[in-house]
>>> print(open('protein-v6.cif').read())   # mmCIF, C-alpha atoms and all ligand atoms
data_input
loop_
_atom_site.label_atom_id
_atom_site.label_comp_id
_atom_site.auth_asym_id
_atom_site.auth_seq_id
_atom_site.Cartn_x
_atom_site.Cartn_y
_atom_site.Cartn_z
CA MET F 1 -8.21 -6.30 39.35
CA ALA F 2 -6.13 -9.40 38.93
CA VAL F 3 -4.27 -9.05 35.68
CA ARG F 4 -3.55 -12.22 33.83
CA ARG F 5 -0.41 -11.86 31.82
CA LEU F 6 -0.04 -14.58 29.27
CA SER F 7 3.12 -15.90 30.76
CA GLU F 8 1.34 -16.48 34.09
CA SER F 9 -1.90 -17.91 32.81
CA LEU F 10 -0.72 -20.22 30.08
CA SER F 11 1.29 -23.36 30.17
CA ARG F 12 4.95 -22.96 29.43
CA THR F 13 4.79 -25.21 26.42
CA LEU F 14 2.05 -23.13 24.83
CA MET F 15 3.95 -19.90 25.53
CA GLU F 16 7.07 -21.35 23.97
CA ASP F 17 5.12 -22.56 20.96
CA ILE F 18 3.61 -19.09 20.44
CA HIS F 19 7.07 -17.55 20.70
CA ARG F 20 8.56 -20.01 18.27
CA CYS F 21 5.79 -19.42 15.72
CA SER F 22 6.03 -15.65 16.13
CA LEU F 23 9.63 -15.81 14.95
CA LYS F 24 8.68 -17.52 11.69
CA LYS F 25 8.17 -15.45 8.58
CA GLN F 26 4.61 -14.94 7.37
CA THR F 27 3.89 -15.94 3.77
CA GLY F 28 1.90 -13.52 1.64
CA VAL F 29 -0.34 -14.32 -1.30
CA SER F 30 -1.72 -12.08 -4.04
CA LEU F 31 -5.18 -11.66 -5.53
CA LYS F 32 -3.87 -13.12 -8.76
CA TYR F 33 -2.42 -16.14 -6.96
CA MET F 34 -5.70 -16.72 -5.12
CA MET F 35 -7.52 -16.70 -8.46
CA ASP F 36 -5.06 -18.80 -10.45
CA PHE F 37 -4.66 -21.30 -7.70
CA SER F 38 -8.31 -21.93 -7.13
CA GLY F 39 -9.91 -21.32 -10.50
CA TYR F 40 -11.46 -24.77 -10.45
CA PRO F 41 -10.99 -26.10 -6.95
CA THR F 42 -10.27 -29.78 -7.19
CA GLY F 43 -9.89 -31.96 -4.12
CA ASN F 44 -6.15 -31.55 -4.43
CA ASN F 45 -6.36 -27.76 -4.57
CA LEU F 46 -8.45 -27.75 -1.43
CA LEU F 47 -6.08 -30.11 0.34
CA PHE F 48 -3.09 -27.99 -0.61
CA SER F 49 -4.85 -24.81 0.48
CA ALA F 50 -5.80 -26.36 3.86
CA GLN F 51 -2.23 -27.56 4.41
CA PHE F 52 -0.94 -24.06 3.66
CA LEU F 53 -3.42 -22.48 6.11
CA HIS F 54 -2.65 -25.07 8.77
CA LYS F 55 0.96 -23.86 8.70
CA GLU F 56 0.38 -20.18 7.96
CA LEU F 57 -2.48 -19.18 10.27
CA PRO F 58 -0.72 -20.06 13.56
CA VAL F 59 2.28 -18.00 12.44
CA ARG F 60 0.11 -14.97 11.71
CA LEU F 61 -1.85 -15.35 14.96
CA ALA F 62 1.35 -15.75 17.01
CA HIS F 63 2.75 -12.49 15.62
CA ARG F 64 -0.39 -10.74 16.87
CA VAL F 65 -0.38 -12.39 20.30
CA ILE F 66 3.17 -11.22 20.97
CA GLU F 67 2.28 -7.70 19.88
CA LEU F 68 -0.89 -7.64 21.98
CA GLU F 69 1.23 -8.64 24.97
CA ASN F 70 3.69 -5.79 24.57
CA LEU F 71 1.66 -2.66 23.92
CA PRO F 72 2.77 0.66 25.38
CA HIS F 73 0.82 2.75 27.91
CA ARG F 74 -0.48 -0.35 29.69
CA LEU F 75 -2.88 -0.96 26.83
CA SER F 76 -2.06 -4.68 27.00
CA ILE F 77 -3.78 -5.05 30.36
CA LYS F 78 -7.05 -3.34 29.51
CA ALA F 79 -9.88 -5.85 29.83
CA PRO F 80 -11.07 -5.58 26.18
CA VAL F 81 -7.51 -6.03 24.91
CA LEU F 82 -7.05 -9.11 27.09
CA LYS F 83 -10.26 -10.49 25.65
CA VAL F 84 -9.01 -9.98 22.11
CA ARG F 85 -5.67 -11.57 23.02
CA ASP F 86 -7.47 -14.59 24.46
CA TRP F 87 -9.37 -15.07 21.19
CA TYR F 88 -6.04 -15.08 19.34
CA VAL F 89 -4.54 -17.53 21.82
CA ASP F 90 -7.57 -19.84 21.67
CA SER F 91 -7.48 -19.90 17.87
CA PHE F 92 -3.75 -20.52 17.94
CA LYS F 93 -4.29 -23.47 20.29
CA ASP F 94 -7.11 -24.90 18.15
CA LEU F 95 -4.96 -24.79 15.04
CA ARG F 96 -1.87 -26.24 16.67
CA SER F 97 -3.77 -29.13 18.18
CA PHE F 98 -5.36 -29.99 14.83
CA PRO F 99 -3.50 -32.96 13.32
CA GLU F 100 -1.87 -32.84 9.90
CA VAL F 101 -4.38 -32.49 7.05
CA LEU F 102 -3.87 -35.63 4.98
CA ASN F 103 -7.11 -36.37 3.14
CA SER F 104 -10.42 -34.84 2.17
CA ALA F 105 -12.11 -35.90 5.41
CA ASP F 106 -9.44 -34.03 7.41
CA GLU F 107 -9.80 -31.13 5.03
CA LEU F 108 -13.55 -30.84 5.70
CA LYS F 109 -13.00 -30.88 9.46
CA PHE F 110 -10.24 -28.30 9.12
CA THR F 111 -12.51 -26.05 7.04
CA GLU F 112 -15.15 -26.22 9.77
CA LEU F 113 -12.51 -25.30 12.36
CA ILE F 114 -11.27 -22.21 10.53
CA HIS F 115 -14.83 -21.18 9.81
CA GLN F 116 -15.50 -21.25 13.57
CA ILE F 117 -12.29 -19.31 14.18
CA LYS F 118 -13.44 -16.60 11.79
CA ILE F 119 -16.70 -16.32 13.72
CA ARG F 120 -14.85 -16.19 17.05
CA HIS F 121 -13.01 -13.10 15.82
CA ASN F 122 -16.08 -11.27 14.47
CA ASN F 123 -16.07 -8.62 17.18
CA VAL F 124 -12.36 -7.87 17.32
CA VAL F 125 -12.68 -4.35 15.87
CA PRO F 126 -15.36 -3.00 18.25
CA THR F 127 -13.72 -4.74 21.22
CA MET F 128 -10.31 -3.31 20.41
CA ALA F 129 -11.95 0.11 19.91
CA MET F 130 -13.32 -0.16 23.43
CA GLY F 131 -9.80 -0.70 24.80
CA ILE F 132 -8.49 2.27 22.82
CA GLN F 133 -11.36 4.40 24.06
CA GLN F 134 -10.45 3.53 27.66
CA LEU F 135 -6.86 4.51 26.97
CA LYS F 136 -8.07 7.80 25.53
CA GLU F 137 -10.05 8.45 28.72
CA ASP F 138 -7.03 7.60 30.92
CA LEU F 139 -4.85 10.04 29.05
CA GLY F 140 -7.44 12.75 29.42
CA ARG F 141 -7.68 15.84 27.34
CA LYS F 142 -4.04 16.84 27.78
CA MET F 143 -2.71 14.23 25.44
CA GLY F 144 -4.91 12.98 22.65
CA LEU F 145 -4.37 9.75 20.77
CA ASN F 146 -2.81 11.79 17.99
CA GLU F 147 0.27 12.13 20.11
CA LEU F 148 0.62 8.37 20.30
CA PRO F 149 1.89 7.37 16.86
CA GLU F 150 3.00 3.96 18.11
CA ILE F 151 -0.61 3.07 18.99
CA HIS F 152 -1.79 4.00 15.52
CA GLN F 153 1.00 2.11 13.85
CA PHE F 154 0.12 -0.91 15.95
CA LEU F 155 -3.57 -0.64 15.00
CA ASP F 156 -2.68 -0.30 11.32
CA ARG F 157 -0.58 -3.48 11.53
CA PHE F 158 -3.13 -5.29 13.64
CA TYR F 159 -6.14 -4.53 11.41
CA MET F 160 -4.17 -5.13 8.22
CA SER F 161 -3.20 -8.54 9.52
CA ARG F 162 -6.82 -9.21 10.42
CA ILE F 163 -7.97 -8.34 6.89
CA GLY F 164 -5.43 -10.84 5.53
CA ILE F 165 -6.35 -13.65 7.91
CA ARG F 166 -10.06 -13.20 7.25
CA MET F 167 -9.49 -13.05 3.50
CA LEU F 168 -7.53 -16.33 3.53
CA ILE F 169 -10.07 -18.13 5.72
CA GLY F 170 -13.04 -16.64 3.86
CA GLN F 171 -11.53 -17.63 0.54
CA HIS F 172 -10.92 -21.22 1.59
CA VAL F 173 -14.37 -21.61 3.12
CA ALA F 174 -16.05 -20.04 0.08
CA LEU F 175 -14.33 -22.51 -2.26
CA HIS F 176 -16.49 -25.20 -0.66
CA GLN F 177 -19.71 -23.63 -1.91
CA ARG F 178 -21.62 -26.24 -3.86
CA ARG F 179 -22.98 -23.76 -6.42
CA PRO F 180 -20.75 -20.67 -6.44
CA PRO F 181 -22.43 -17.63 -8.01
CA ALA F 182 -21.36 -17.13 -11.63
CA GLY F 183 -17.99 -15.44 -11.98
CA TYR F 184 -16.93 -16.04 -8.38
CA ILE F 185 -13.76 -17.74 -7.24
CA GLY F 186 -14.28 -17.94 -3.53
CA LEU F 187 -14.79 -14.35 -2.34
CA ILE F 188 -13.27 -12.90 -5.48
CA CYS F 189 -15.53 -11.89 -8.32
CA THR F 190 -13.75 -11.92 -11.67
CA HIS F 191 -16.08 -9.30 -13.14
CA VAL F 192 -17.11 -6.72 -10.58
CA SER F 193 -18.79 -3.65 -12.01
CA PRO F 194 -17.60 -0.74 -9.85
CA VAL F 195 -20.54 1.36 -11.05
CA GLU F 196 -22.94 -1.31 -9.84
CA VAL F 197 -21.17 -1.69 -6.48
CA ALA F 198 -21.22 2.10 -6.13
CA GLN F 199 -25.01 2.13 -6.75
CA ASN F 200 -25.54 -0.39 -3.95
CA ALA F 201 -23.24 1.50 -1.60
CA ILE F 202 -25.13 4.71 -2.43
CA ASP F 203 -28.44 3.09 -1.48
CA ASP F 204 -27.02 1.84 1.83
CA ALA F 205 -25.23 5.09 2.71
CA ARG F 206 -28.25 7.24 1.82
CA SER F 207 -30.49 5.03 3.99
CA ALA F 208 -28.09 5.50 6.91
CA CYS F 209 -28.16 9.26 6.25
CA MET F 210 -31.97 9.23 6.13
CA ARG F 211 -32.13 7.43 9.47
CA THR F 212 -29.82 9.99 11.08
CA TYR F 213 -30.97 13.24 9.49
CA GLY F 214 -34.35 12.53 7.96
CA SER F 215 -33.09 13.37 4.45
CA ALA F 216 -30.10 12.63 2.24
CA PRO F 217 -28.28 14.52 -0.54
CA GLU F 218 -28.32 13.16 -4.08
CA VAL F 219 -25.41 11.10 -5.40
CA HIS F 220 -24.60 10.92 -9.13
CA VAL F 221 -22.41 8.24 -10.66
CA TYR F 222 -20.26 8.75 -13.78
CA GLY F 223 -18.60 5.81 -15.49
CA ASP F 224 -19.23 2.89 -17.80
CA PRO F 225 -21.65 0.48 -16.09
CA SER F 226 -20.46 -2.39 -18.31
CA PHE F 227 -16.83 -1.98 -17.20
CA LYS F 228 -15.74 -4.91 -15.01
CA PHE F 229 -12.60 -6.07 -13.22
CA ALA F 230 -11.53 -8.69 -10.67
CA TYR F 231 -11.93 -7.70 -7.06
CA VAL F 232 -13.56 -8.67 -3.78
CA PRO F 233 -16.99 -6.99 -4.01
CA THR F 234 -17.51 -6.90 -0.23
CA HIS F 235 -14.25 -4.95 0.24
CA LEU F 236 -15.16 -2.55 -2.55
CA HIS F 237 -18.63 -1.99 -1.15
CA GLN F 238 -17.25 -1.32 2.33
CA MET F 239 -14.76 1.31 1.11
CA ILE F 240 -17.21 3.22 -1.10
CA PHE F 241 -19.88 3.03 1.62
CA GLU F 242 -17.57 4.59 4.22
CA LEU F 243 -16.47 7.38 1.86
CA LEU F 244 -20.05 8.13 0.89
CA LYS F 245 -21.21 8.31 4.50
CA ASN F 246 -18.53 10.93 5.16
CA SER F 247 -19.52 12.99 2.12
CA LEU F 248 -23.24 12.70 2.84
CA ARG F 249 -22.72 13.80 6.42
CA ALA F 250 -20.56 16.79 5.42
CA VAL F 251 -23.02 17.99 2.76
CA GLN F 252 -26.07 17.31 4.89
CA GLU F 253 -24.69 19.22 7.88
CA LEU F 254 -23.54 22.16 5.77
CA PHE F 255 -26.81 22.55 3.89
CA MET F 256 -29.21 21.41 6.59
CA ASP F 257 -30.64 24.90 7.10
CA ALA F 258 -30.14 26.22 3.57
CA ASP F 259 -33.28 27.03 1.64
CA HIS F 260 -31.94 25.80 -1.70
CA ASP F 261 -31.14 22.20 -2.68
CA CYS F 262 -27.79 20.84 -1.61
CA PRO F 263 -25.16 20.08 -4.27
CA PRO F 264 -25.03 16.42 -5.31
CA ILE F 265 -22.09 14.18 -4.47
CA ARG F 266 -20.29 12.89 -7.54
CA VAL F 267 -18.79 9.43 -7.92
CA VAL F 268 -16.49 8.98 -10.93
CA VAL F 269 -15.18 5.57 -11.99
CA ALA F 270 -12.08 5.51 -14.21
CA ASP F 271 -10.46 2.41 -15.67
CA GLY F 272 -6.77 2.76 -16.32
CA ASN F 273 -4.22 0.13 -17.28
CA GLU F 274 -2.74 -0.11 -13.83
CA ASP F 275 -5.49 1.18 -11.59
CA VAL F 276 -9.20 1.43 -11.34
CA THR F 277 -9.76 4.75 -9.60
CA ILE F 278 -12.95 5.84 -7.94
CA LYS F 279 -13.27 9.48 -7.03
CA ILE F 280 -15.89 10.68 -4.58
CA SER F 281 -16.34 14.45 -4.60
CA ASP F 282 -18.50 16.51 -2.33
CA GLU F 283 -19.14 20.18 -1.66
CA GLY F 284 -19.51 19.64 2.05
CA GLY F 285 -17.06 22.34 3.14
CA GLY F 286 -13.87 20.26 3.25
CA ILE F 287 -11.52 19.50 6.11
CA PRO F 288 -9.21 22.15 7.63
CA ARG F 289 -5.57 21.49 6.71
CA SER F 290 -4.65 21.14 10.37
CA GLY F 291 -7.12 18.26 10.66
CA LEU F 292 -5.98 16.40 7.55
CA SER F 293 -3.25 14.29 9.15
CA LYS F 294 -5.60 13.32 11.98
CA ILE F 295 -8.26 11.81 9.75
CA TRP F 296 -6.09 8.70 9.32
CA THR F 297 -5.83 8.07 13.03
CA TYR F 298 -8.23 5.79 14.88
CA LEU F 299 -10.89 7.50 16.94
CA TYR F 300 -10.37 10.92 15.35
CA THR F 301 -13.85 12.08 14.61
CA THR F 302 -15.74 15.34 14.59
CA ALA F 303 -18.98 13.45 15.15
CA LYS F 304 -20.35 12.83 18.60
CA SER F 305 -18.83 9.52 19.61
CA PRO F 306 -21.38 6.81 20.33
CA LEU F 307 -18.70 5.48 22.71
CA ALA F 308 -18.36 8.59 24.83
CA ASN F 309 -21.49 8.08 26.89
CA GLY F 310 -20.56 4.53 27.74
CA GLU F 311 -22.96 3.01 25.21
CA GLN F 312 -22.28 -0.48 23.99
CA ILE F 313 -20.24 -0.30 20.83
CA GLN F 314 -22.04 -1.59 17.77
CA ASP F 315 -20.86 -2.76 14.47
CA THR F 316 -19.93 0.28 12.41
CA PRO F 317 -22.24 -0.28 9.42
CA ASN F 318 -25.24 0.71 11.51
CA VAL F 319 -24.03 4.17 12.33
CA MET F 320 -23.47 7.22 10.20
CA ALA F 321 -20.26 8.40 11.91
CA GLY F 322 -18.56 8.70 15.24
CA TYR F 323 -15.98 5.95 15.60
CA GLY F 324 -13.31 7.56 13.48
CA TYR F 325 -12.57 4.19 11.88
CA GLY F 326 -14.07 4.74 8.43
CA LEU F 327 -11.08 6.28 6.69
CA PRO F 328 -8.16 4.36 8.25
CA ILE F 329 -9.87 0.99 7.80
CA SER F 330 -10.89 1.78 4.22
CA ARG F 331 -7.29 2.68 3.41
CA LEU F 332 -6.14 -0.66 4.80
CA TYR F 333 -8.64 -2.51 2.58
CA ALA F 334 -7.35 -0.58 -0.44
CA ARG F 335 -3.71 -1.23 0.45
CA TYR F 336 -4.30 -4.90 1.15
CA PHE F 337 -4.53 -5.59 -2.60
CA GLY F 338 -1.92 -3.00 -3.57
CA GLY F 339 -4.20 0.04 -3.90
CA ASP F 340 -4.41 3.22 -1.85
CA LEU F 341 -6.77 5.89 -0.61
CA GLN F 342 -6.13 9.63 -0.68
CA VAL F 343 -8.22 12.46 0.64
CA ILE F 344 -7.76 15.98 -0.68
CA SER F 345 -9.68 18.86 0.75
CA MET F 346 -10.44 22.45 -0.12
CA GLU F 347 -11.49 24.01 3.11
CA GLY F 348 -14.52 26.18 2.55
CA TYR F 349 -15.59 24.15 -0.48
CA GLY F 350 -15.40 20.37 -0.33
CA THR F 351 -13.48 17.10 -0.32
CA ASP F 352 -12.26 14.67 -2.97
CA ALA F 353 -11.45 11.10 -2.01
CA TYR F 354 -9.45 9.03 -4.52
CA LEU F 355 -9.72 5.31 -4.13
CA HIS F 356 -7.04 3.57 -6.21
CA LEU F 357 -7.45 -0.14 -6.80
CA ASN F 358 -4.68 -2.18 -8.30
CA ARG F 359 -5.97 -3.85 -11.44
CA LEU F 360 -3.47 -6.57 -11.96
CA GLY F 361 -3.82 -7.89 -8.47
CA ASN F 362 -0.40 -9.52 -8.50
CA VAL F 363 0.85 -7.42 -5.62
CA GLN F 364 1.51 -9.52 -2.54
CA GLU F 365 -0.36 -8.95 0.70
CA PRO F 366 1.38 -6.51 3.03
CA LEU F 367 2.41 -8.57 6.05
CA PRO F 368 2.77 -6.56 9.21
P1 LIG L 401 -16.11 9.10 11.34
O1 LIG L 401 -16.87 9.27 10.07
O2 LIG L 401 -16.63 8.00 12.20
O3 LIG L 401 -15.92 10.40 12.09
P2 LIG L 401 -13.90 8.71 9.52
O4 LIG L 401 -12.57 8.06 9.67
O5 LIG L 401 -14.78 8.22 8.44
O6 LIG L 401 -14.63 8.60 10.93
O7 LIG L 401 -13.68 10.28 9.31
C1 LIG L 401 -12.94 11.01 10.28
C2 LIG L 401 -13.25 12.49 10.23
O8 LIG L 401 -12.75 13.05 9.01
C3 LIG L 401 -14.72 12.85 10.24
O9 LIG L 401 -15.26 12.89 11.54
C4 LIG L 401 -14.71 14.24 9.58
O10 LIG L 401 -14.36 15.22 10.54
C5 LIG L 401 -13.56 14.14 8.60
N1 LIG L 401 -14.04 13.87 7.22
C6 LIG L 401 -13.94 12.71 6.54
N2 LIG L 401 -14.47 12.80 5.30
C7 LIG L 401 -14.94 14.06 5.18
C8 LIG L 401 -15.62 14.80 4.13
N3 LIG L 401 -15.92 14.22 2.95
N4 LIG L 401 -15.93 16.10 4.37
C9 LIG L 401 -15.63 16.68 5.56
N5 LIG L 401 -15.01 16.05 6.59
C10 LIG L 401 -14.67 14.77 6.41
MG MG L 402 -16.91 8.00 8.51
#
>>> encode(input="protein-v6.cif", output="structure tokens")
Amino acid sequence: MAVRRLSESLSRTLMEDIHRCSLKKQTGVSLKYMMDFSGYPTGNNLLFSAQFLHKELPVRLAHRVIELENLPHRLSIKAPVLKVRDWYVDSFKDLRSFPEVLNSADELKFTELIHQIKIRHNNVVPTMAMGIQQLKEDLGRKMGLNELPEIHQFLDRFYMSRIGIRMLIGQHVALHQRRPPAGYIGLICTHVSPVEVAQNAIDDARSACMRTYGSAPEVHVYGDPSFKFAYVPTHLHQMIFELLKNSLRAVQELFMDADHDCPPIRVVVADGNEDVTIKISDEGGGIPRSGLSKIWTYLYTTAKSPLANGEQIQDTPNVMAGYGYGLPISRLYARYFGGDLQVISMEGYGTDAYLHLNRLGNVQEPLP
């Protein structure tokens, strides 16, 4: 197979430009800044935001291109990884060849461009997962991915950066909505009810469980339904959904053959001054202590991998389990706005997941 390294396939000027941009510092923003800045998007706000993104996005993309080019264990030359790299390079080129954003007509064109870029990158996660899966097969059983901390650290940085880029683009594009839903500033909702989001996530996760097993354990929610705070509802839904799928699967598999009803999963929402914490508790038997550090790695799963038999990888929401991405990606979403995710297990009994969400939202994006 002819391997196209960047340096061979791209013009020297483009390579140099990518290198130059990759040396620049990335600029982070916070949830609070995103809200304050664009409370009532005027033409000037939009122009300023576009000008910021026109400078910032190429810098963030260039950091990723350089990293994708220099991965250990020949991961950089796996076909899926090359594909991902090419998407980053193409988007970099598109942004760099876009002229300065000077007026609202430019701004509209620029918004269309970044919207298209966001779509181009839709399948980055499953494509990257395919590359990692190939690496796992190369390494064979002797050495699992758990022995490759540098790959996991890279994926953490890579996916965290992706969350940030998509948030910034999504936010800018959403500010153009003619009639934004009440309480929304772009993608941010100023009064999200975590109890309500949890209810929706429960419906979705239980449906997935039903499709896989034919039945689904009960889930009970405890917390004040009228309590609201500012957050990105899609992020919140995604995190709770992933945690619930794990709990449902554990309980379902443990009690599948039992003749009595299985114990319900409990979701507790607490509003503190600093954090909103959501605890998801199950009695699904827990995780052995020796497995606990592995749950944060990519592709660690005790479910049969849908990838193993060479099936086409799908978008994760459609499957109950098997990619091993649920927990590490959820933790990145939590950390992106200054929160965190912890999993505590009692082997032989069950698991508690604590999802901490920073309330003030004035923590700056982590910039890998
Ligand atoms: P996946 O669900 O695709 O396997 P995750 O990252 O969501 O990937 O979880 C990784 C692994 O952690 C699971 O395969 C399972 O072995 C373990 N795990 C996660 N949550 C729980 C839980 N609530 N109870 C028991 N095991 C769990
Ligand atoms: Mg999962």
>>> residues_near_ligand(input="protein-v6.cif", ligand="ligand LIG 401 (chain L)", cutoff="6 Å", atoms="all atoms listed in the file", output="PyMOL selection string")
chain F and resi 246-247+250+284+286-287+295+300-303+321-328+351
>>> residues_around(input="protein-v6.cif", residues="Met210 in chain F", least_positions_apart="6", cutoff="12 Å", atoms="only C-alpha atoms", output="MDAnalysis selection string")
chainID F and resid 202:204 216:218 245 248:249 252 319:320
>>> atom_distance(input="protein-v6.cif", atom1="CA of Thr111 in chain F", atom2="CA of Ser97 in chain F")
14.5 Å
>>> residues_around(input="protein-v6.cif", residues="Cys21 in chain F", least_positions_apart="2", cutoff="8 Å", atoms="all atoms listed in the file", output="list in words")
Asp17, Ile18, His19, Leu23, Lys24, Pro58, Val59, Ala62 and His63 of chain F
>>> closest_residue(input="protein-v6.cif", among="F:Glu365, F:Cys209, F:Val219, F:Ala230", to="ligand MG 402 (chain L)", atoms="all atoms listed in the file")
F:Cys209
